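As provided, start_18.cif (mmCIF, C-alpha atoms) reads as follows.
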```
data_structure
#
loop_
_atom_site.label_atom_id
_atom_site.label_comp_id
_atom_site.auth_asym_id
_atom_site.auth_seq_id
_atom_site.Cartn_x
_atom_site.Cartn_y
_atom_site.Cartn_z
CA MET G 423 102.44 74.25 130.18
CA PRO G 424 102.36 71.64 132.76
CA LEU G 425 102.20 68.24 131.13
CA VAL G 426 100.59 65.83 133.56
CA ARG G 427 101.06 62.06 133.43
CA ILE G 428 98.78 60.02 135.68
CA ASP G 429 99.27 56.27 136.11
CA VAL G 430 96.21 54.53 137.57
CA PRO G 431 94.82 51.05 138.15
CA ARG G 432 92.57 49.90 135.33
CA GLY G 433 88.81 50.17 135.79
CA ARG G 434 87.78 53.80 135.74
CA SER G 435 85.17 55.15 133.32
CA ALA G 436 85.89 57.90 130.80
CA ASP G 437 84.08 60.34 133.08
CA GLN G 438 86.28 59.31 135.96
CA HIS G 439 89.39 59.84 133.84
CA HIS G 440 88.22 63.33 133.05
CA ALA G 441 87.52 63.98 136.72
CA LEU G 442 91.05 62.89 137.67
CA GLY G 443 92.53 65.21 135.07
CA GLU G 444 90.28 68.02 136.22
CA ALA G 445 91.33 67.57 139.86
CA VAL G 446 95.03 67.92 139.07
CA TYR G 447 94.37 70.79 136.66
CA GLN G 448 92.30 72.69 139.23
CA ALA G 449 94.98 72.16 141.88
CA MET G 450 97.59 73.61 139.49
CA VAL G 451 95.45 76.64 138.68
CA GLN G 452 94.64 77.26 142.33
CA THR G 453 98.14 76.88 143.76
CA LEU G 454 100.84 77.10 141.04
CA ASN G 455 99.61 80.10 139.05
CA VAL G 456 98.94 77.90 136.05
CA PRO G 457 96.79 79.82 133.51
CA ALA G 458 93.23 78.83 132.72
CA ASN G 459 92.91 76.21 129.97
CA ASP G 460 96.57 75.17 130.29
CA ARG G 461 95.36 71.59 130.58
CA PHE G 462 97.33 68.72 129.07
CA ILE G 463 96.75 65.38 130.77
CA VAL G 464 97.98 61.92 129.80
CA ILE G 465 96.54 58.95 131.69
CA GLN G 466 97.82 55.41 131.61
CA GLU G 467 95.85 52.47 132.97
CA HIS G 468 97.57 49.48 134.55
CA GLY G 469 96.98 45.99 135.79
CA PRO G 470 98.43 45.11 139.21
CA SER G 471 101.76 43.92 137.83
CA THR G 472 102.64 47.08 135.92
CA LEU G 473 101.95 49.64 138.65
CA GLN G 474 104.14 48.60 141.57
CA ILE G 475 103.73 50.95 144.51
CA ASP G 476 105.35 50.25 147.86
CA PRO G 477 102.59 49.86 150.49
CA SER G 478 104.38 51.54 153.40
CA TYR G 479 107.41 53.65 152.40
CA LEU G 480 107.83 56.62 154.81
CA GLY G 481 105.03 55.26 156.94
CA VAL G 482 102.27 56.02 154.44
CA ALA G 483 99.70 53.19 154.17
CA ARG G 484 99.16 52.86 150.42
CA SER G 485 96.46 50.61 148.97
CA PRO G 486 96.32 48.72 145.65
CA ASN G 487 94.43 51.78 144.34
CA ALA G 488 97.44 54.08 144.65
CA ILE G 489 98.19 56.36 141.70
CA VAL G 490 101.21 58.27 140.38
CA VAL G 491 100.97 61.90 139.23
CA GLN G 492 104.06 63.19 137.40
CA VAL G 493 104.02 66.81 136.27
CA THR G 494 106.51 68.46 133.90
CA LEU G 495 106.37 72.22 134.47
CA ASN G 496 108.42 75.40 134.32
CA ALA G 497 110.98 75.88 137.07
CA GLY G 498 110.60 78.68 139.55
CA ARG G 499 107.86 77.71 141.97
CA THR G 500 108.85 78.05 145.62
CA VAL G 501 108.83 75.15 148.04
CA GLU G 502 105.78 76.78 149.62
CA LEU G 503 103.84 76.72 146.34
CA LYS G 504 104.81 73.12 145.75
CA ARG G 505 103.58 72.19 149.24
CA ALA G 506 100.29 73.93 148.51
CA PHE G 507 99.97 72.06 145.22
CA TYR G 508 100.51 68.67 146.85
CA ALA G 509 97.99 69.43 149.58
CA ARG G 510 95.34 70.73 147.19
CA THR G 511 95.83 67.87 144.74
CA VAL G 512 95.12 65.23 147.36
CA GLU G 513 92.10 67.22 148.58
CA LEU G 514 90.59 67.40 145.11
CA LEU G 515 91.47 63.79 144.30
CA ALA G 516 89.82 62.70 147.56
CA GLU G 517 86.56 64.11 146.17
CA GLN G 518 87.05 61.59 143.35
CA GLY G 519 87.50 58.71 145.75
CA VAL G 520 91.30 58.61 145.84
CA ARG G 521 92.68 58.26 149.37
CA PRO G 522 95.30 60.90 150.32
CA GLU G 523 97.69 58.07 151.18
CA ASP G 524 97.34 56.79 147.63
CA VAL G 525 98.74 59.80 145.76
CA LEU G 526 102.42 59.88 144.80
CA ILE G 527 103.41 63.16 143.13
CA SER G 528 106.62 63.86 141.20
CA LEU G 529 107.58 67.18 139.61
CA ILE G 530 110.05 67.65 136.75
CA GLU G 531 111.12 71.24 136.17
CA VAL G 532 112.24 72.68 132.84
CA VAL G 533 113.02 76.09 131.32
CA LYS G 534 110.46 78.16 129.45
CA GLU G 535 111.90 77.57 125.99
CA ASN G 536 111.34 73.83 126.37
CA TRP G 537 107.73 73.98 125.22
CA SER G 538 105.89 74.23 121.96
CA PHE G 539 102.11 74.44 122.23
CA GLY G 540 101.38 73.98 118.56
CA MET G 541 102.30 75.43 115.16
CA GLY G 542 105.95 74.57 115.86
CA GLN G 543 106.38 77.77 117.85
CA ALA G 544 108.13 78.23 121.21
CA GLN G 545 105.35 80.27 122.76
CA TYR G 546 107.04 80.69 126.14
CA ALA G 547 110.59 81.32 124.95
CA PRO G 548 112.19 84.64 125.91
CA VAL G 549 112.09 87.19 123.11
CA GLU G 550 115.56 87.60 121.61
CA MET S 1023 120.47 59.98 123.37
CA PRO S 1024 117.21 61.64 123.01
CA LEU S 1025 114.49 59.41 124.36
CA VAL S 1026 111.23 60.36 122.66
CA ARG S 1027 107.80 59.62 124.12
CA ILE S 1028 104.86 60.19 121.80
CA ASP S 1029 101.28 59.96 123.05
CA VAL S 1030 98.73 59.56 120.26
CA PRO S 1031 95.09 58.72 119.73
CA ARG S 1032 94.52 55.04 119.04
CA GLY S 1033 94.03 53.89 115.46
CA ARG S 1034 97.33 54.19 113.61
CA SER S 1035 98.93 51.23 111.82
CA ALA S 1036 102.39 49.91 112.66
CA ASP S 1037 103.73 51.67 109.57
CA GLN S 1038 102.21 54.93 110.72
CA HIS S 1039 103.82 54.51 114.15
CA HIS S 1040 107.19 54.07 112.48
CA ALA S 1041 106.56 57.13 110.33
CA LEU S 1042 105.77 59.24 113.41
CA GLY S 1043 108.98 58.10 115.09
CA GLU S 1044 110.92 58.76 111.92
CA ALA S 1045 109.54 62.29 111.62
CA VAL S 1046 110.67 63.25 115.12
CA TYR S 1047 114.01 61.48 114.67
CA GLN S 1048 114.69 63.27 111.38
CA ALA S 1049 113.78 66.61 112.94
CA MET S 1050 116.28 65.95 115.76
CA VAL S 1051 119.04 64.98 113.35
CA GLN S 1052 118.39 67.98 111.12
CA THR S 1053 118.13 70.64 113.81
CA LEU S 1054 119.58 69.45 117.14
CA ASN S 1055 122.84 67.82 115.99
CA VAL S 1056 121.58 64.42 117.09
CA PRO S 1057 123.82 61.70 115.60
CA ALA S 1058 122.59 59.25 112.97
CA ASN S 1059 120.92 56.14 114.42
CA ASP S 1060 120.40 57.76 117.84
CA ARG S 1061 116.77 56.73 117.57
CA PHE S 1062 114.83 55.63 120.64
CA ILE S 1063 111.09 56.16 120.38
CA VAL S 1064 108.32 55.08 122.76
CA ILE S 1065 104.73 55.50 121.56
CA GLN S 1066 101.62 55.20 123.67
CA GLU S 1067 98.14 54.91 122.18
CA HIS S 1068 95.11 56.39 123.91
CA GLY S 1069 91.37 56.47 123.85
CA PRO S 1070 89.72 59.91 124.10
CA SER S 1071 89.53 59.87 127.89
CA THR S 1072 93.21 59.24 128.55
CA LEU S 1073 94.69 61.90 126.26
CA GLN S 1074 93.14 65.16 127.42
CA ILE S 1075 94.38 68.10 125.34
CA ASP S 1076 92.95 71.55 125.73
CA PRO S 1077 91.36 72.60 122.41
CA SER S 1078 92.32 76.29 122.50
CA TYR S 1079 95.07 77.17 125.00
CA LEU S 1080 97.19 80.11 123.72
CA GLY S 1081 94.83 80.49 120.79
CA VAL S 1082 95.89 77.28 119.05
CA ALA S 1083 92.93 75.34 117.62
CA ARG S 1084 93.68 71.74 118.58
CA SER S 1085 91.59 68.82 117.31
CA PRO S 1086 90.82 65.45 118.90
CA ASN S 1087 93.80 64.15 116.90
CA ALA S 1088 96.34 66.21 118.87
CA ILE S 1089 99.48 64.43 120.02
CA VAL S 1090 102.14 64.97 122.69
CA VAL S 1091 105.86 64.63 121.96
CA GLN S 1092 108.11 64.64 125.04
CA VAL S 1093 111.85 64.40 124.47
CA THR S 1094 114.51 63.74 127.11
CA LEU S 1095 117.86 64.99 125.79
CA ASN S 1096 121.20 66.41 126.83
CA ALA S 1097 121.19 70.01 127.99
CA GLY S 1098 123.01 72.65 126.00
CA ARG S 1099 120.95 73.38 122.90
CA THR S 1100 120.32 77.08 122.35
CA VAL S 1101 116.85 78.59 122.20
CA GLU S 1102 117.43 79.01 118.47
CA LEU S 1103 118.06 75.31 117.96
CA LYS S 1104 115.00 74.43 120.00
CA ARG S 1105 112.88 76.76 117.87
CA ALA S 1106 114.24 75.09 114.74
CA PHE S 1107 113.43 71.67 116.17
CA TYR S 1108 109.83 72.60 116.93
CA ALA S 1109 109.32 74.08 113.48
CA ARG S 1110 110.88 71.13 111.65
CA THR S 1111 109.01 68.58 113.76
CA VAL S 1112 105.62 69.99 112.84
CA GLU S 1113 106.67 70.20 109.19
CA LEU S 1114 107.66 66.55 109.06
CA LEU S 1115 104.66 65.45 111.11
CA ALA S 1116 102.39 67.36 108.72
CA GLU S 1117 103.63 65.04 105.97
CA GLN S 1118 102.19 62.24 108.11
CA GLY S 1119 98.82 63.91 108.39
CA VAL S 1120 99.29 65.61 111.76
CA ARG S 1121 98.09 69.22 111.79
CA PRO S 1122 100.69 71.74 113.07
CA GLU S 1123 98.13 72.90 115.63
CA ASP S 1124 97.96 69.36 116.96
CA VAL S 1125 101.56 68.97 118.11
CA LEU S 1126 102.50 69.71 121.72
CA ILE S 1127 106.24 69.37 122.36
CA SER S 1128 107.97 69.21 125.74
CA LEU S 1129 111.73 68.93 126.31
CA ILE S 1130 113.40 67.57 129.44
CA GLU S 1131 117.14 68.30 129.65
CA VAL S 1132 119.67 66.17 131.51
CA VAL S 1133 123.46 65.90 131.87
CA LYS S 1134 125.58 63.61 129.72
CA GLU S 1135 126.30 61.06 132.42
CA ASN S 1136 122.58 60.35 132.78
CA TRP S 1137 122.52 57.83 129.94
CA SER S 1138 123.47 54.23 129.45
CA PHE S 1139 123.01 52.90 125.92
CA GLY S 1140 123.59 49.27 126.75
CA MET S 1141 126.15 46.99 128.43
CA GLY S 1142 125.68 48.98 131.65
CA GLN S 1143 128.14 51.60 130.46
CA ALA S 1144 127.81 55.40 130.67
CA GLN S 1145 128.84 56.00 127.07
CA TYR S 1146 128.44 59.78 127.23
CA ALA S 1147 129.94 60.39 130.68
CA PRO S 1148 133.01 62.64 130.85
CA VAL S 1149 136.27 60.72 131.07
CA GLU S 1150 137.65 60.96 134.59
CA MET N 1216 111.87 58.58 145.69
CA PRO N 1217 113.05 57.27 142.48
CA LEU N 1218 110.13 56.80 140.13
CA VAL N 1219 111.03 54.13 137.61
CA ARG N 1220 109.38 53.79 134.19
CA ILE N 1221 110.18 50.61 132.28
CA ASP N 1222 109.03 50.14 128.68
CA VAL N 1223 109.13 46.51 127.55
CA PRO N 1224 107.95 44.29 124.72
CA ARG N 1225 104.62 42.65 125.43
CA GLY N 1226 104.55 39.06 126.62
CA ARG N 1227 105.91 38.90 130.16
CA SER N 1228 103.93 37.37 133.04
CA ALA N 1229 102.96 39.30 136.16
CA ASP N 1230 105.75 37.54 138.02
CA GLN N 1231 108.23 38.62 135.39
CA HIS N 1232 107.03 42.22 135.67
CA HIS N 1233 107.63 42.10 139.40
CA ALA N 1234 111.07 40.61 138.83
CA LEU N 1235 111.99 43.44 136.43
CA GLY N 1236 110.90 46.02 138.98
CA GLU N 1237 112.78 44.22 141.70
CA ALA N 1238 115.98 44.13 139.66
CA VAL N 1239 115.99 47.89 139.11
CA TYR N 1240 114.97 48.53 142.73
CA GLN N 1241 117.76 46.32 144.08
CA ALA N 1242 120.28 48.02 141.82
CA MET N 1243 119.17 51.43 143.17
CA VAL N 1244 119.42 50.28 146.79
CA GLN N 1245 122.83 48.70 146.24
CA THR N 1246 124.46 51.54 144.31
CA LEU N 1247 122.55 54.81 144.68
CA ASN N 1248 121.86 54.85 148.43
CA VAL N 1249 118.15 54.54 147.82
CA PRO N 1250 116.37 53.60 151.07
CA ALA N 1251 114.71 50.23 151.59
CA ASN N 1252 111.09 50.12 150.38
CA ASP N 1253 111.48 53.25 148.24
CA ARG N 1254 110.06 51.23 145.36
CA PHE N 1255 107.77 52.87 142.79
CA ILE N 1256 107.78 51.15 139.41
CA VAL N 1257 105.61 51.82 136.36
CA ILE N 1258 105.82 49.33 133.49
CA GLN N 1259 104.44 49.78 130.02
CA GLU N 1260 104.08 46.93 127.55
CA HIS N 1261 104.49 47.48 123.83
CA GLY N 1262 104.02 45.85 120.48
CA PRO N 1263 106.91 46.13 118.02
CA SER N 1264 105.68 49.36 116.45
CA THR N 1265 105.45 51.38 119.68
CA LEU N 1266 108.89 50.57 121.13
CA GLN N 1267 111.35 51.63 118.47
CA ILE N 1268 114.92 50.97 119.57
CA ASP N 1269 117.85 51.46 117.23
CA PRO N 1270 119.61 48.07 116.76
CA SER N 1271 123.20 49.35 116.61
CA TYR N 1272 123.67 52.92 117.90
CA LEU N 1273 127.14 53.32 119.49
CA GLY N 1274 128.03 49.83 118.36
CA VAL N 1275 125.71 48.07 120.82
CA ALA N 1276 123.88 45.12 119.21
CA ARG N 1277 120.32 45.52 120.45
CA SER N 1278 117.64 42.87 119.85
CA PRO N 1279 113.86 43.21 119.46
CA ASN N 1280 113.71 42.45 123.20
CA ALA N 1281 115.43 45.70 124.19
CA ILE N 1282 113.88 47.68 127.04
CA VAL N 1283 113.98 51.27 128.27
CA VAL N 1284 114.46 52.15 131.96
CA GLN N 1285 113.87 55.81 132.83
CA VAL N 1286 114.38 56.85 136.43
CA THR N 1287 113.36 60.17 137.99
CA LEU N 1288 115.45 60.70 141.13
CA ASN N 1289 116.98 63.35 143.35
CA ALA N 1290 120.01 65.14 141.98
CA GLY N 1291 123.36 64.73 143.65
CA ARG N 1292 124.70 61.30 142.73
CA THR N 1293 128.25 61.35 141.39
CA VAL N 1294 129.17 60.05 137.96
CA GLU N 1295 130.81 57.13 139.73
CA LEU N 1296 127.57 56.15 141.47
CA LYS N 1297 125.65 56.44 138.23
CA ARG N 1298 128.16 54.17 136.50
CA ALA N 1299 127.77 51.65 139.31
CA PHE N 1300 123.99 51.81 138.97
CA TYR N 1301 124.07 51.16 135.24
CA ALA N 1302 126.45 48.22 135.66
CA ARG N 1303 124.48 46.65 138.51
CA THR N 1304 121.14 47.14 136.74
CA VAL N 1305 122.24 45.20 133.67
CA GLU N 1306 123.73 42.48 135.90
CA LEU N 1307 120.47 42.02 137.79
CA LEU N 1308 118.35 42.28 134.66
CA ALA N 1309 120.53 39.64 133.00
CA GLU N 1310 119.40 37.25 135.74
CA GLN N 1311 115.89 37.91 134.41
CA GLY N 1312 116.86 37.07 130.86
CA VAL N 1313 117.48 40.60 129.58
CA ARG N 1314 120.70 40.88 127.56
CA PRO N 1315 123.07 43.67 128.74
CA GLU N 1316 123.00 45.07 125.21
CA ASP N 1317 119.23 45.41 125.50
CA VAL N 1318 119.04 47.87 128.40
CA LEU N 1319 118.78 51.60 127.70
CA ILE N 1320 118.84 53.68 130.89
CA SER N 1321 117.91 57.36 131.23
CA LEU N 1322 118.06 59.40 134.44
CA ILE N 1323 116.08 62.58 135.14
CA GLU N 1324 117.27 64.51 138.20
CA VAL N 1325 115.09 66.75 140.34
CA VAL N 1326 115.31 68.62 143.65
CA LYS N 1327 114.13 67.15 146.94
CA GLU N 1328 111.02 69.28 147.25
CA ASN N 1329 109.68 67.85 143.99
CA TRP N 1330 108.17 64.79 145.66
CA SER N 1331 105.07 63.99 147.64
CA PHE N 1332 104.83 60.40 148.88
CA GLY N 1333 101.26 60.60 150.07
CA MET N 1334 98.99 62.68 152.30
CA GLY N 1335 99.81 65.73 150.18
CA GLN N 1336 103.03 66.30 152.12
CA ALA N 1337 106.46 67.16 150.76
CA GLN N 1338 108.29 64.57 152.82
CA TYR N 1339 111.74 65.36 151.41
CA ALA N 1340 111.49 69.15 151.33
CA PRO N 1341 114.03 71.09 153.40
CA VAL N 1342 112.64 72.29 156.73
CA GLU N 1343 112.06 76.04 156.55
#
```

Using the file provided, produce a representation of the structure as structure tokens.
Amino acid sequence: MPLVRIDVPRGRSADQHHALGEAVYQAMVQTLNVPANDRFIVIQEHGPSTLQIDPSYLGVARSPNAIVVQVTLNAGRTVELKRAFYARTVELLAEQGVRPEDVLISLIEVVKENWSFGMGQAQYAPVE
Amino acid sequence: MPLVRIDVPRGRSADQHHALGEAVYQAMVQTLNVPANDRFIVIQEHGPSTLQIDPSYLGVARSPNAIVVQVTLNAGRTVELKRAFYARTVELLAEQGVRPEDVLISLIEVVKENWSFGMGQAQYAPVE
Amino acid sequence: MPLVRIDVPRGRSADQHHALGEAVYQAMVQTLNVPANDRFIVIQEHGPSTLQIDPSYLGVARSPNAIVVQVTLNAGRTVELKRAFYARTVELLAEQGVRPEDVLISLIEVVKENWSFGMGQAQYAPVE
């Protein structure tokens, strides 16, 4: 159910794209109770002029390699779970060479009936 | 009002892009009470490494041609209308060669004052 | 905190991309109480077939140069502030050659704990 959009500087290999997606997916499974195989990742590559990231907002020293991770997911996770997700995501992305300072994360929460996973069905909608 | 983002594998013609947009637009008009001409579609093409779609989550057999349709729209549609939208979208996309298994749909709901359709006005905001 | 996505027709220079981002950023600072340096802008360039904008919906005469600005931000701004943001955005974009008719704006509101600005921390989350 989470739909993950990752905006990154151009230059990674296909394997590296898969590793980025895997890092965010694993963090979701490990901290947000996301089911196995619920893995839907959209990556967008950018040149320097189309990914404009402030280098110091809130005292975080961001580099030109900074990335944006925006996740659409079902509402209901506690602040504690969200904190755990952010922390685990930067840990796993660090293993892929992304500095913890360079990860901006944004969550968009929706209700369960706002998803169709194929066949035109609303697989998560409440039974009526 | 709905803003539609469609992420697709690279390789479609301009005509095919328009047909994809038209399919989702027609499904919105037919099922979600979206007005005629309220048609704002953003498409993004991808290579295999930047559109990562699980091939079997929830038992749906997705192919490498799977697409993602994410719609931002005003809140207030019932679960029944959303179900109808999902079903009609996959029907109309099937006419464009997209398998029903290959359509992931995500809705993001917002309030009416969250739109400006030009001229810097909030055309849908409640009158104060 | 606001994360800004701008979809534009292909053909602008890097400087023009920065000027677009700056216009939306300045409008947010001036009207939405967004802090200085809270500037995170993602731009996507399009050919004519992947940015499909209705040319007349709600009586607004849009050109092939129309753009989409979608902002994810914290909930809580009044309708009045949103109106001011829309008006100021088109004013500042007009200085960059974008016609007021050609600016579609969409806001997505989230709660404060839905952001991490680096280091895996939830910098805006309420203290527990």

Considering all atoms listed in the file, extract the chain G residues located within 10 Å of chain N and return them as a PyMOL selection string. chain G and resi 429-430+466-484+488-493+500-502+504-513+521-532

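Relative to atom CA of Ala1290 of chain N, atom CA of Leu1247 of chain N is found at 11.0 Å.
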
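Of note, atom CA of Gly519 of chain G and atom CA of Arg432 of chain G are spaced 14.6 Å apart.
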
If chain G is fitted onto chain N by least squares over all C-alpha atoms, taken pair by pair in sequence order, what do its new coordinates look like as a compact mmCIF listing (two decimals) with C-alpha atoms, in the coordinates of the input?
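The resulting file, result10.txt, is reproduced below:
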```
# COMPACT_ATOMS: atom_id res chain seq x y z
CA MET G 423 111.90 58.58 145.69
CA PRO G 424 113.07 57.26 142.47
CA LEU G 425 110.14 56.80 140.14
CA VAL G 426 111.03 54.13 137.62
CA ARG G 427 109.38 53.79 134.21
CA ILE G 428 110.17 50.61 132.29
CA ASP G 429 109.03 50.14 128.69
CA VAL G 430 109.12 46.51 127.56
CA PRO G 431 107.94 44.29 124.71
CA ARG G 432 104.59 42.67 125.43
CA GLY G 433 104.54 39.08 126.64
CA ARG G 434 105.89 38.91 130.16
CA SER G 435 103.91 37.39 133.04
CA ALA G 436 102.95 39.32 136.16
CA ASP G 437 105.75 37.55 138.02
CA GLN G 438 108.21 38.63 135.38
CA HIS G 439 107.02 42.23 135.68
CA HIS G 440 107.63 42.09 139.39
CA ALA G 441 111.07 40.61 138.82
CA LEU G 442 111.99 43.44 136.44
CA GLY G 443 110.89 46.02 138.98
CA GLU G 444 112.77 44.21 141.71
CA ALA G 445 115.98 44.13 139.65
CA VAL G 446 115.99 47.90 139.12
CA TYR G 447 114.97 48.53 142.73
CA GLN G 448 117.76 46.32 144.08
CA ALA G 449 120.30 48.02 141.82
CA MET G 450 119.18 51.42 143.18
CA VAL G 451 119.43 50.28 146.79
CA GLN G 452 122.83 48.69 146.24
CA THR G 453 124.47 51.52 144.31
CA LEU G 454 122.55 54.82 144.68
CA ASN G 455 121.87 54.84 148.42
CA VAL G 456 118.16 54.53 147.80
CA PRO G 457 116.38 53.59 151.08
CA ALA G 458 114.71 50.24 151.59
CA ASN G 459 111.10 50.10 150.40
CA ASP G 460 111.49 53.23 148.25
CA ARG G 461 110.04 51.24 145.37
CA PHE G 462 107.77 52.87 142.80
CA ILE G 463 107.77 51.16 139.42
CA VAL G 464 105.62 51.82 136.37
CA ILE G 465 105.81 49.32 133.50
CA GLN G 466 104.43 49.78 130.03
CA GLU G 467 104.08 46.94 127.55
CA HIS G 468 104.48 47.49 123.82
CA GLY G 469 104.00 45.85 120.48
CA PRO G 470 106.90 46.12 118.00
CA SER G 471 105.67 49.36 116.45
CA THR G 472 105.45 51.37 119.66
CA LEU G 473 108.87 50.56 121.11
CA GLN G 474 111.36 51.62 118.45
CA ILE G 475 114.92 50.97 119.56
CA ASP G 476 117.86 51.45 117.22
CA PRO G 477 119.61 48.08 116.75
CA SER G 478 123.20 49.36 116.60
CA TYR G 479 123.67 52.93 117.90
CA LEU G 480 127.15 53.33 119.49
CA GLY G 481 128.04 49.84 118.37
CA VAL G 482 125.72 48.07 120.80
CA ALA G 483 123.88 45.11 119.20
CA ARG G 484 120.31 45.52 120.46
CA SER G 485 117.65 42.88 119.84
CA PRO G 486 113.86 43.22 119.44
CA ASN G 487 113.71 42.45 123.19
CA ALA G 488 115.43 45.70 124.18
CA ILE G 489 113.88 47.67 127.04
CA VAL G 490 113.98 51.27 128.28
CA VAL G 491 114.47 52.14 131.96
CA GLN G 492 113.86 55.80 132.82
CA VAL G 493 114.39 56.85 136.43
CA THR G 494 113.36 60.17 137.99
CA LEU G 495 115.45 60.70 141.13
CA ASN G 496 116.99 63.35 143.35
CA ALA G 497 120.03 65.14 141.97
CA GLY G 498 123.38 64.73 143.64
CA ARG G 499 124.71 61.31 142.73
CA THR G 500 128.26 61.35 141.38
CA VAL G 501 129.17 60.06 137.95
CA GLU G 502 130.81 57.13 139.73
CA LEU G 503 127.57 56.16 141.48
CA LYS G 504 125.65 56.45 138.24
CA ARG G 505 128.18 54.17 136.51
CA ALA G 506 127.77 51.65 139.31
CA PHE G 507 123.99 51.81 138.98
CA TYR G 508 124.08 51.16 135.24
CA ALA G 509 126.46 48.23 135.67
CA ARG G 510 124.48 46.65 138.50
CA THR G 511 121.15 47.14 136.74
CA VAL G 512 122.25 45.21 133.68
CA GLU G 513 123.72 42.48 135.90
CA LEU G 514 120.48 42.02 137.80
CA LEU G 515 118.35 42.28 134.66
CA ALA G 516 120.54 39.63 133.00
CA GLU G 517 119.41 37.24 135.75
CA GLN G 518 115.89 37.90 134.42
CA GLY G 519 116.87 37.06 130.87
CA VAL G 520 117.49 40.59 129.59
CA ARG G 521 120.69 40.88 127.56
CA PRO G 522 123.07 43.66 128.73
CA GLU G 523 122.99 45.07 125.20
CA ASP G 524 119.22 45.40 125.49
CA VAL G 525 119.05 47.86 128.39
CA LEU G 526 118.79 51.59 127.69
CA ILE G 527 118.85 53.67 130.89
CA SER G 528 117.92 57.35 131.23
CA LEU G 529 118.07 59.39 134.44
CA ILE G 530 116.09 62.57 135.15
CA GLU G 531 117.27 64.50 138.19
CA VAL G 532 115.09 66.75 140.34
CA VAL G 533 115.31 68.62 143.65
CA LYS G 534 114.14 67.15 146.94
CA GLU G 535 111.02 69.29 147.26
CA ASN G 536 109.68 67.86 144.01
CA TRP G 537 108.17 64.80 145.66
CA SER G 538 105.09 63.99 147.65
CA PHE G 539 104.84 60.41 148.89
CA GLY G 540 101.26 60.59 150.06
CA MET G 541 98.99 62.67 152.30
CA GLY G 542 99.80 65.73 150.17
CA GLN G 543 103.01 66.30 152.12
CA ALA G 544 106.47 67.16 150.75
CA GLN G 545 108.30 64.57 152.82
CA TYR G 546 111.74 65.36 151.43
CA ALA G 547 111.49 69.15 151.33
CA PRO G 548 114.01 71.12 153.41
CA VAL G 549 112.59 72.31 156.71
CA GLU G 550 111.95 76.06 156.56
```

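Our summary of the geometry notes that atom CA of Gln1311 of chain N is positioned 18.9 Å from atom CA of Thr1246 of chain N.
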
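Here the question is which of G:Leu514, G:Gly498, G:Pro431, G:Val520 gets nearest to Gln448 of chain G using all atoms listed in the file, and that residue is G:Leu514.
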
Counting all atoms listed in the file, what is within 10 Å of Asn455 of chain G, bar same-chain residues fewer than 5 positions away, as a ChimeraX atom specification? /G:449-450,499,503
